[in-house]
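Containing compact mmCIF, C-alpha atoms: input.txt.
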# COMPACT_ATOMS: atom_id res chain seq x y z
CA MET A 190 -6.58 8.50 17.92
CA GLU A 191 -8.92 5.53 17.84
CA ALA A 192 -11.40 5.65 15.00
CA GLU A 193 -15.00 5.67 16.14
CA GLY A 194 -17.11 2.58 15.49
CA VAL A 195 -14.14 0.32 14.69
CA ARG A 196 -14.02 -3.26 15.96
CA HIS A 197 -10.74 -5.10 16.43
CA ARG A 198 -9.96 -8.81 16.30
CA THR A 199 -7.22 -11.27 15.41
CA VAL A 200 -7.38 -13.83 12.61
CA GLU A 201 -4.93 -16.71 12.19
CA VAL A 202 -4.09 -16.78 8.48
CA ALA A 203 -1.04 -19.04 8.30
CA ARG A 204 0.99 -21.23 10.61
CA GLY A 205 2.43 -18.85 13.18
CA VAL A 206 0.93 -15.74 11.56
CA ARG A 207 -2.02 -13.88 13.02
CA LEU A 208 -3.29 -10.65 11.55
CA HIS A 209 -4.78 -7.81 13.52
CA VAL A 210 -7.96 -6.79 11.68
CA ALA A 211 -9.94 -3.58 12.12
CA GLU A 212 -13.55 -3.58 10.94
CA SER A 213 -16.51 -1.25 10.73
CA GLY A 214 -19.98 -1.44 9.25
CA PRO A 215 -22.58 -4.22 9.31
CA GLU A 216 -21.13 -7.73 9.54
CA ASP A 217 -23.58 -8.94 6.89
CA GLY A 218 -22.71 -6.08 4.50
CA PRO A 219 -20.62 -6.65 1.35
CA ALA A 220 -16.99 -6.80 2.49
CA VAL A 221 -14.37 -4.31 1.34
CA LEU A 222 -10.76 -5.31 1.99
CA LEU A 223 -8.54 -2.25 2.54
CA LEU A 224 -4.79 -2.85 2.13
CA HIS A 225 -2.21 -0.36 3.42
CA GLY A 226 1.32 0.36 2.24
CA PHE A 227 4.63 1.56 3.72
CA PRO A 228 5.05 2.94 6.31
CA ASP A 229 1.40 2.64 7.20
CA LEU A 230 -1.18 0.63 9.11
CA TRP A 231 -4.88 -0.17 8.96
CA TYR A 232 -5.26 3.32 10.47
CA GLY A 233 -4.48 4.94 7.12
CA TRP A 234 -7.93 3.82 5.94
CA ARG A 235 -9.87 5.20 8.93
CA HIS A 236 -11.72 7.79 6.84
CA GLN A 237 -12.73 5.30 4.15
CA MET A 238 -13.85 2.80 6.80
CA ALA A 239 -16.31 5.30 8.21
CA ALA A 240 -17.61 6.23 4.74
CA LEU A 241 -18.02 2.62 3.66
CA ALA A 242 -19.77 1.67 6.90
CA ALA A 243 -22.19 4.59 6.49
CA ARG A 244 -23.17 3.17 3.09
CA GLY A 245 -23.77 -0.36 4.31
CA PHE A 246 -20.42 -1.95 3.45
CA ARG A 247 -18.34 -4.04 5.86
CA ALA A 248 -14.93 -2.35 5.84
CA VAL A 249 -12.10 -4.75 6.72
CA ALA A 250 -8.60 -3.28 7.17
CA PRO A 251 -5.82 -5.59 8.36
CA ASP A 252 -2.37 -4.69 9.53
CA LEU A 253 -0.44 -6.71 6.94
CA ARG A 254 2.14 -9.21 8.20
CA GLY A 255 5.11 -7.42 9.72
CA TYR A 256 3.09 -4.34 10.66
CA GLY A 257 1.37 -2.98 13.75
CA ASP A 258 -0.38 -5.55 15.90
CA SER A 259 -0.01 -8.38 13.35
CA ASP A 260 2.68 -11.02 13.62
CA ALA A 261 6.07 -10.43 12.00
CA PRO A 262 7.82 -13.61 10.80
CA PRO A 263 11.57 -13.29 11.44
CA ASP A 264 12.65 -14.63 8.03
CA ALA A 265 12.92 -11.86 5.43
CA GLY A 266 11.92 -14.39 2.77
CA SER A 267 8.47 -14.70 4.37
CA TYR A 268 7.29 -11.39 2.92
CA THR A 269 6.79 -12.23 -0.76
CA THR A 270 3.53 -11.15 -2.32
CA PHE A 271 2.64 -14.85 -2.45
CA HIS A 272 2.86 -15.05 1.35
CA VAL A 273 0.81 -11.89 1.76
CA VAL A 274 -1.82 -12.94 -0.80
CA GLY A 275 -2.03 -16.26 1.06
CA ASP A 276 -2.81 -14.32 4.23
CA LEU A 277 -5.58 -12.45 2.41
CA VAL A 278 -7.11 -15.60 0.94
CA ALA A 279 -7.36 -16.98 4.48
CA LEU A 280 -8.83 -13.70 5.73
CA ILE A 281 -11.42 -13.69 2.95
CA ALA A 282 -12.38 -17.25 3.88
CA ASP A 283 -12.83 -16.09 7.46
CA LEU A 284 -15.24 -13.40 6.25
CA ALA A 285 -17.47 -16.15 4.82
CA GLN A 286 -18.30 -14.21 1.65
CA PRO A 287 -17.69 -15.67 -1.81
CA GLN A 288 -16.21 -12.41 -3.12
CA VAL A 289 -14.95 -9.14 -1.68
CA PHE A 290 -14.24 -5.67 -2.96
CA VAL A 291 -10.59 -4.61 -2.64
CA ALA A 292 -8.85 -1.24 -2.35
CA GLY A 293 -5.09 -0.89 -2.01
CA HIS A 294 -2.53 1.87 -1.60
CA ASP A 295 1.24 1.78 -2.16
CA TRP A 296 2.42 -1.77 -1.29
CA GLY A 297 -1.22 -2.57 -0.57
CA ALA A 298 -1.93 -1.78 -4.22
CA ILE A 299 0.84 -4.14 -5.34
CA VAL A 300 -0.61 -6.88 -3.16
CA ALA A 301 -4.11 -6.11 -4.47
CA TRP A 302 -2.94 -6.42 -8.09
CA GLN A 303 -1.35 -9.76 -7.19
CA LEU A 304 -4.51 -10.98 -5.45
CA CYS A 305 -6.51 -10.13 -8.57
CA LEU A 306 -3.95 -11.93 -10.72
CA LEU A 307 -3.76 -15.11 -8.62
CA ARG A 308 -7.35 -15.33 -7.32
CA PRO A 309 -9.62 -13.19 -9.51
CA ASP A 310 -12.53 -15.39 -8.45
CA LEU A 311 -12.37 -13.80 -4.99
CA VAL A 312 -12.46 -10.15 -6.10
CA ARG A 313 -15.64 -8.46 -7.29
CA ALA A 314 -14.02 -5.12 -8.16
CA LEU A 315 -10.84 -3.19 -7.37
CA VAL A 316 -9.87 0.40 -6.60
CA ASN A 317 -6.12 0.92 -6.46
CA LEU A 318 -4.27 4.05 -5.40
CA SER A 319 -0.83 5.33 -6.43
CA VAL A 320 0.89 2.21 -7.81
CA VAL A 321 0.04 1.01 -11.33
CA TYR A 322 0.04 -2.60 -12.47
CA HIS A 323 3.13 -3.65 -14.38
CA PRO A 324 3.02 -7.25 -15.64
CA ARG A 325 6.03 -9.44 -15.06
CA ARG A 326 8.70 -8.95 -17.72
CA SER A 327 10.91 -11.87 -18.66
CA GLU A 328 13.85 -9.64 -19.59
CA GLY A 329 14.68 -8.37 -16.12
CA SER A 330 13.74 -8.09 -12.45
CA PRO A 331 12.04 -5.07 -10.83
CA LEU A 332 15.21 -3.91 -9.09
CA GLU A 333 17.13 -4.10 -12.35
CA ALA A 334 14.46 -1.90 -13.92
CA VAL A 335 14.64 0.58 -11.02
CA ARG A 336 18.42 0.80 -11.31
CA ALA A 337 18.19 1.33 -15.06
CA LEU A 338 15.64 4.14 -14.69
CA CYS A 339 16.79 5.89 -11.53
CA GLY A 340 20.21 4.55 -10.57
CA GLU A 341 21.58 2.72 -7.56
CA ASP A 342 20.61 5.55 -5.20
CA HIS A 343 16.86 5.05 -5.57
CA TYR A 344 15.26 4.47 -2.17
CA MET A 345 14.11 0.93 -3.10
CA CYS A 346 17.74 -0.03 -3.70
CA HIS A 347 18.74 1.69 -0.46
CA PHE A 348 16.27 -0.48 1.47
CA GLN A 349 17.79 -3.76 0.28
CA LYS A 350 20.67 -4.20 2.75
CA PRO A 351 19.45 -5.41 6.17
CA GLY A 352 20.30 -3.06 9.00
CA VAL A 353 21.15 0.03 6.96
CA ALA A 354 17.63 1.42 6.58
CA GLU A 355 16.71 0.21 10.08
CA ALA A 356 19.53 2.31 11.53
CA GLU A 357 18.34 5.42 9.68
CA PHE A 358 14.74 4.92 10.79
CA ALA A 359 15.73 4.38 14.44
CA LEU A 360 15.28 8.07 15.20
CA PRO A 361 14.77 9.19 18.79
CA ASP A 362 11.79 11.33 17.75
CA MET A 363 9.41 8.96 15.97
CA ARG A 364 6.77 11.68 15.70
CA HIS A 365 9.16 13.84 13.68
CA LEU A 366 9.91 10.84 11.45
CA PHE A 367 6.27 10.42 10.47
CA LYS A 368 5.75 14.13 9.91
CA LYS A 369 8.71 14.05 7.51
CA VAL A 370 7.56 10.95 5.62
CA LEU A 371 3.85 11.73 5.44
CA GLY A 372 4.57 15.33 4.48
CA MET A 373 6.77 14.67 1.44
CA ARG A 374 5.48 16.49 -1.65
CA LYS A 375 8.26 16.46 -4.24
CA ALA A 376 6.89 15.30 -7.61
CA ALA A 377 9.91 13.16 -8.48
CA PRO A 378 11.43 9.76 -7.71
CA LEU A 379 13.01 9.56 -4.28
CA ILE A 380 16.75 9.46 -4.87
CA LEU A 381 19.21 9.40 -1.96
CA PRO A 382 22.56 11.05 -2.72
CA LYS A 383 25.45 9.09 -1.26
CA ASP A 384 26.18 11.75 1.35
CA LYS A 385 22.59 11.92 2.59
CA THR A 386 20.27 9.66 4.57
CA PHE A 387 16.70 8.81 3.61
CA PHE A 388 15.35 11.64 5.77
CA ASP A 389 17.90 14.16 4.51
CA SER A 390 16.55 13.49 1.02
CA LEU A 391 12.92 14.29 1.81
CA ASP A 392 11.52 17.68 0.84
CA SER A 393 9.32 18.03 3.94
CA ASP A 394 10.49 20.06 6.94
CA GLY A 395 8.88 17.97 9.66
CA THR A 396 5.82 20.18 10.09
CA CYS A 397 2.65 18.19 10.68
CA PRO A 398 0.68 18.08 7.40
CA ALA A 399 -2.59 20.00 7.57
CA TRP A 400 -4.58 16.87 6.81
CA LEU A 401 -3.23 15.03 9.87
CA SER A 402 -3.64 15.73 13.57
CA GLU A 403 -0.98 15.41 16.25
CA GLU A 404 -3.04 12.49 17.58
CA ASP A 405 -2.78 10.74 14.19
CA ILE A 406 0.99 11.17 14.23
CA SER A 407 1.11 9.79 17.79
CA TYR A 408 -0.78 6.68 16.73
CA TYR A 409 1.79 5.89 14.06
CA ALA A 410 4.73 6.76 16.30
CA ASP A 411 3.50 4.59 19.17
CA LYS A 412 2.95 1.53 16.96
CA PHE A 413 6.25 1.74 15.06
CA GLU A 414 8.24 2.43 18.24
CA LYS A 415 7.12 -1.04 19.36
CA THR A 416 7.59 -2.92 16.07
CA GLY A 417 10.30 -1.08 14.15
CA PHE A 418 10.31 -1.02 10.35
CA THR A 419 11.96 -4.31 9.38
CA GLY A 420 8.66 -5.95 8.46
CA GLY A 421 7.95 -3.17 5.97
CA PHE A 422 11.50 -3.20 4.56
CA ASN A 423 11.21 -6.94 3.96
CA TYR A 424 8.51 -6.32 1.33
CA TYR A 425 11.12 -4.38 -0.66
CA ARG A 426 13.73 -7.06 -0.01
CA CYS A 427 11.47 -9.66 -1.63
CA MET A 428 10.96 -7.73 -4.87
CA ASP A 429 13.29 -9.86 -6.95
CA LYS A 430 12.09 -13.03 -5.23
CA ASN A 431 8.55 -12.11 -6.27
CA TRP A 432 9.81 -11.82 -9.84
CA GLU A 433 11.46 -15.25 -9.69
CA LEU A 434 8.34 -16.94 -8.31
CA SER A 435 5.90 -15.24 -10.69
CA ALA A 436 7.39 -16.60 -13.93
CA PRO A 437 4.15 -18.49 -14.81
CA TRP A 438 2.31 -15.13 -14.94
CA THR A 439 4.70 -13.34 -17.30
CA GLY A 440 2.74 -10.77 -19.30
CA ALA A 441 -0.57 -11.75 -17.70
CA PRO A 442 -3.31 -9.06 -17.59
CA ILE A 443 -5.58 -8.12 -14.69
CA LYS A 444 -9.20 -8.77 -15.68
CA VAL A 445 -11.06 -7.59 -12.58
CA PRO A 446 -13.18 -4.39 -13.00
CA THR A 447 -10.86 -1.63 -11.82
CA LYS A 448 -10.63 2.05 -10.96
CA PHE A 449 -7.21 3.68 -10.55
CA ILE A 450 -6.54 6.91 -8.63
CA VAL A 451 -3.28 8.82 -8.23
CA GLY A 452 -2.19 12.30 -7.19
CA ASP A 453 -0.25 14.37 -9.70
CA LEU A 454 2.43 15.06 -7.06
CA ASP A 455 2.84 11.37 -6.19
CA LEU A 456 6.44 10.19 -6.51
CA THR A 457 5.19 7.01 -8.22
CA TYR A 458 3.27 8.98 -10.87
CA ASN A 459 6.41 11.00 -11.55
CA THR A 460 8.70 7.99 -11.98
CA PRO A 461 10.16 7.96 -15.53
CA GLY A 462 7.81 6.29 -18.00
CA VAL A 463 4.80 5.98 -15.69
CA LYS A 464 2.79 8.91 -17.08
CA ASP A 465 3.19 7.64 -20.64
CA TYR A 466 2.25 4.13 -19.52
CA ILE A 467 -0.92 5.43 -17.89
CA HIS A 468 -2.00 7.96 -20.52
CA LYS A 469 -0.91 6.29 -23.75
CA GLY A 470 -2.73 3.01 -23.33
CA GLY A 471 -0.22 0.79 -21.57
CA LEU A 472 -2.18 0.44 -18.33
CA LYS A 473 -5.47 -0.10 -20.16
CA ALA A 474 -3.88 -2.81 -22.29
CA MET A 475 -2.80 -4.73 -19.19
CA VAL A 476 -5.96 -3.95 -17.19
CA PRO A 477 -8.59 -4.29 -19.94
CA ASN A 478 -11.48 -3.74 -17.51
CA LEU A 479 -10.04 -0.46 -16.24
CA GLU A 480 -13.28 1.51 -16.07
CA ASP A 481 -12.07 4.78 -14.63
CA LEU A 482 -8.81 6.70 -14.21
CA VAL A 483 -8.58 9.65 -11.81
CA ILE A 484 -5.61 12.04 -11.56
CA MET A 485 -6.11 14.29 -8.52
CA GLU A 486 -4.41 17.68 -8.86
CA GLY A 487 -2.16 19.00 -6.12
CA VAL A 488 -2.21 15.73 -4.20
CA GLY A 489 0.78 13.74 -2.96
CA HIS A 490 1.43 10.08 -2.23
CA PHE A 491 -0.73 9.49 0.86
CA ILE A 492 -3.83 10.27 -1.13
CA ASN A 493 -6.45 8.43 0.94
CA GLN A 494 -5.52 10.53 3.97
CA GLU A 495 -4.80 13.83 2.23
CA LYS A 496 -8.12 13.81 0.33
CA PRO A 497 -10.23 11.46 2.45
CA ASN A 498 -13.69 12.57 1.36
CA GLU A 499 -12.92 12.56 -2.36
CA VAL A 500 -11.22 9.16 -2.23
CA SER A 501 -14.01 7.72 -0.08
CA ASP A 502 -16.61 8.92 -2.58
CA HIS A 503 -14.68 7.41 -5.50
CA ILE A 504 -14.41 4.05 -3.73
CA CYS A 505 -18.02 3.92 -2.53
CA GLU A 506 -19.49 5.01 -5.86
CA PHE A 507 -17.43 2.54 -7.84
CA PHE A 508 -18.17 -0.45 -5.61
CA SER A 509 -21.86 0.48 -5.44
CA LYS A 510 -22.08 -0.24 -9.21
CA PHE A 511 -21.46 -3.91 -8.46

Structure encoded using structure tokens:
Amino acid sequence: MEAEGVRHRTVEVARGVRLHVAESGPEDGPAVLLLHGFPDLWYGWRHQMAALAARGFRAVAPDLRGYGDSDAPPDAGSYTTFHVVGDLVALIADLAQPQVFVAGHDWGAIVAWQLCLLRPDLVRALVNLSVVYHPRRSEGSPLEAVRALCGEDHYMCHFQKPGVAEAEFALPDMRHLFKKVLGMRKAAPLILPKDKTFFDSLDSDGTCPAWLSEEDISYYADKFEKTGFTGGFNYYRCMDKNWELSAPWTGAPIKVPTKFIVGDLDLTYNTPGVKDYIHKGGLKAMVPNLEDLVIMEGVGHFINQEKPNEVSDHICEFFSKF
């Protein structure tokens, strides 16, 4: 279960918040910050860490606040993207490099976009997976937009009420939970009918995906059995708070050199309007230095684990240009 050649340490990034950080590769190599999503950990980047280290990069993958072996502040309001970006700014300072490369997936991609928006001076280049950049819109919050597109039964809306999602995720068989979540393949937004739970709404049958081992599943199950999922849910519960706090950046573009990768079966890619936004110039308009766009066929949401070699090559080749 433990990735070979990985070092582990703890970094204090804010008052009362310490991040567990996994690293591989030479300590004097150019740093690559790898940011995970939900429900994930640093471990989701294990393949890319090995590939980056083999090419002379210093791969740095934290458990974000609220996850794994990192601290989890009890206040749900402590999980805005501003808090998380603050953690990363402190982590980058600890690395003692003027700039880092950044790769993000799922919520890690959202945080990476925000880091590039707030502190572009710290980011040399970006590779983001699955979640596109949408600038802040003055006319409505993210949850209002989700409800308008997909209705009140979208999973992001379902996650808003404290305790409800936690009760559903408190399954006795945590291994089965992760097989269900990591194995989902339906190319559509995740909508939860009122008579079904989150897990009833998934298309996977609980069989271990071919691209994961039973040991990988055990790693996730063991960590989340100890921590629960509230830290991850709190990111969703801060979505509208992020919108309120980000008013000064309404309509602001991302100017960092960027590569974007998504699977054609990803639920985010198949959200209404996203394909048109990507392919008809909307994303390029808001990320003017978008240098490459990759749509991987037959690939689902957890792209960096499902196609580890291909994603690793994309990341290494893009960062090597800089």

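Within 8 Å of segment 238-250 of chain A, once all atoms listed in the file are used and residues closer than 3 positions along the same chain are dropped, the contacting residues are Gly194, Val210, Ala211, Glu212, Ser213, Gly214, Pro215, Glu216, Asp217, Gly218, Pro219, Ala220, Val221, Leu222, Leu223, Leu224, His225, Trp231, Trp234, Arg235, Ser501, Asp502 and Cys505 of chain A.
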
For those residues, write C-alpha atoms to a file as a tab-separated table (two decimals), in the frame of the given file.
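again-v6.tsv, freshly written:
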chain	number	residue	atom	x	y	z
A	194	GLY	CA	-17.11	2.58	15.49
A	210	VAL	CA	-7.96	-6.79	11.68
A	211	ALA	CA	-9.94	-3.58	12.12
A	212	GLU	CA	-13.55	-3.58	10.94
A	213	SER	CA	-16.51	-1.25	10.73
A	214	GLY	CA	-19.98	-1.44	9.25
A	215	PRO	CA	-22.58	-4.22	9.31
A	216	GLU	CA	-21.13	-7.73	9.54
A	217	ASP	CA	-23.58	-8.94	6.89
A	218	GLY	CA	-22.71	-6.08	4.50
A	219	PRO	CA	-20.62	-6.65	1.35
A	220	ALA	CA	-16.99	-6.80	2.49
A	221	VAL	CA	-14.37	-4.31	1.34
A	222	LEU	CA	-10.76	-5.31	1.99
A	223	LEU	CA	-8.54	-2.25	2.54
A	224	LEU	CA	-4.79	-2.85	2.13
A	225	HIS	CA	-2.21	-0.36	3.42
A	231	TRP	CA	-4.88	-0.17	8.96
A	234	TRP	CA	-7.93	3.82	5.94
A	235	ARG	CA	-9.87	5.20	8.93
A	501	SER	CA	-14.01	7.72	-0.08
A	502	ASP	CA	-16.61	8.92	-2.58
A	505	CYS	CA	-18.02	3.92	-2.53

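For Phe507 of chain A, the non-local neighbours within 9 Å, defined as residues at least 5 positions apart in the same chain or in other chains and counting all atoms listed in the file, are Ala314, Leu315, Val316, Thr447, Lys448, Asp481 and Asp502 of chain A.
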
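One finds atom CA of Val445 of chain A at 29.5 Å from atom CA of Arg204 of chain A.
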
- Near-Ile406 of chain A list (9 Å; all atoms listed in the file; drop same-chain fewer than 2 positions) as number ranges by chain: A: 190, 363-365, 367-368, 397, 401-404, 408-411

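Proximity ranking of A:Ala359, A:Cys339, A:Val202, A:Val312 relative to Leu277 of chain A places A:Val202 first, based on all atoms listed in the file.
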
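Closest approach to Asp283 of chain A among A:Leu304, A:Ala399, A:Val200, A:Val370 is made by A:Val200 (distances from only C-alpha atoms).
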
- Task: Enter the distance from atom CA of Gly489 of chain A to atom CA of Thr457 of chain A, in Å, rounded to one decimal.
- Result: 9.6 Å

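One finds atom CA of Tyr458 of chain A at 19.2 Å from atom CA of Asp229 of chain A.
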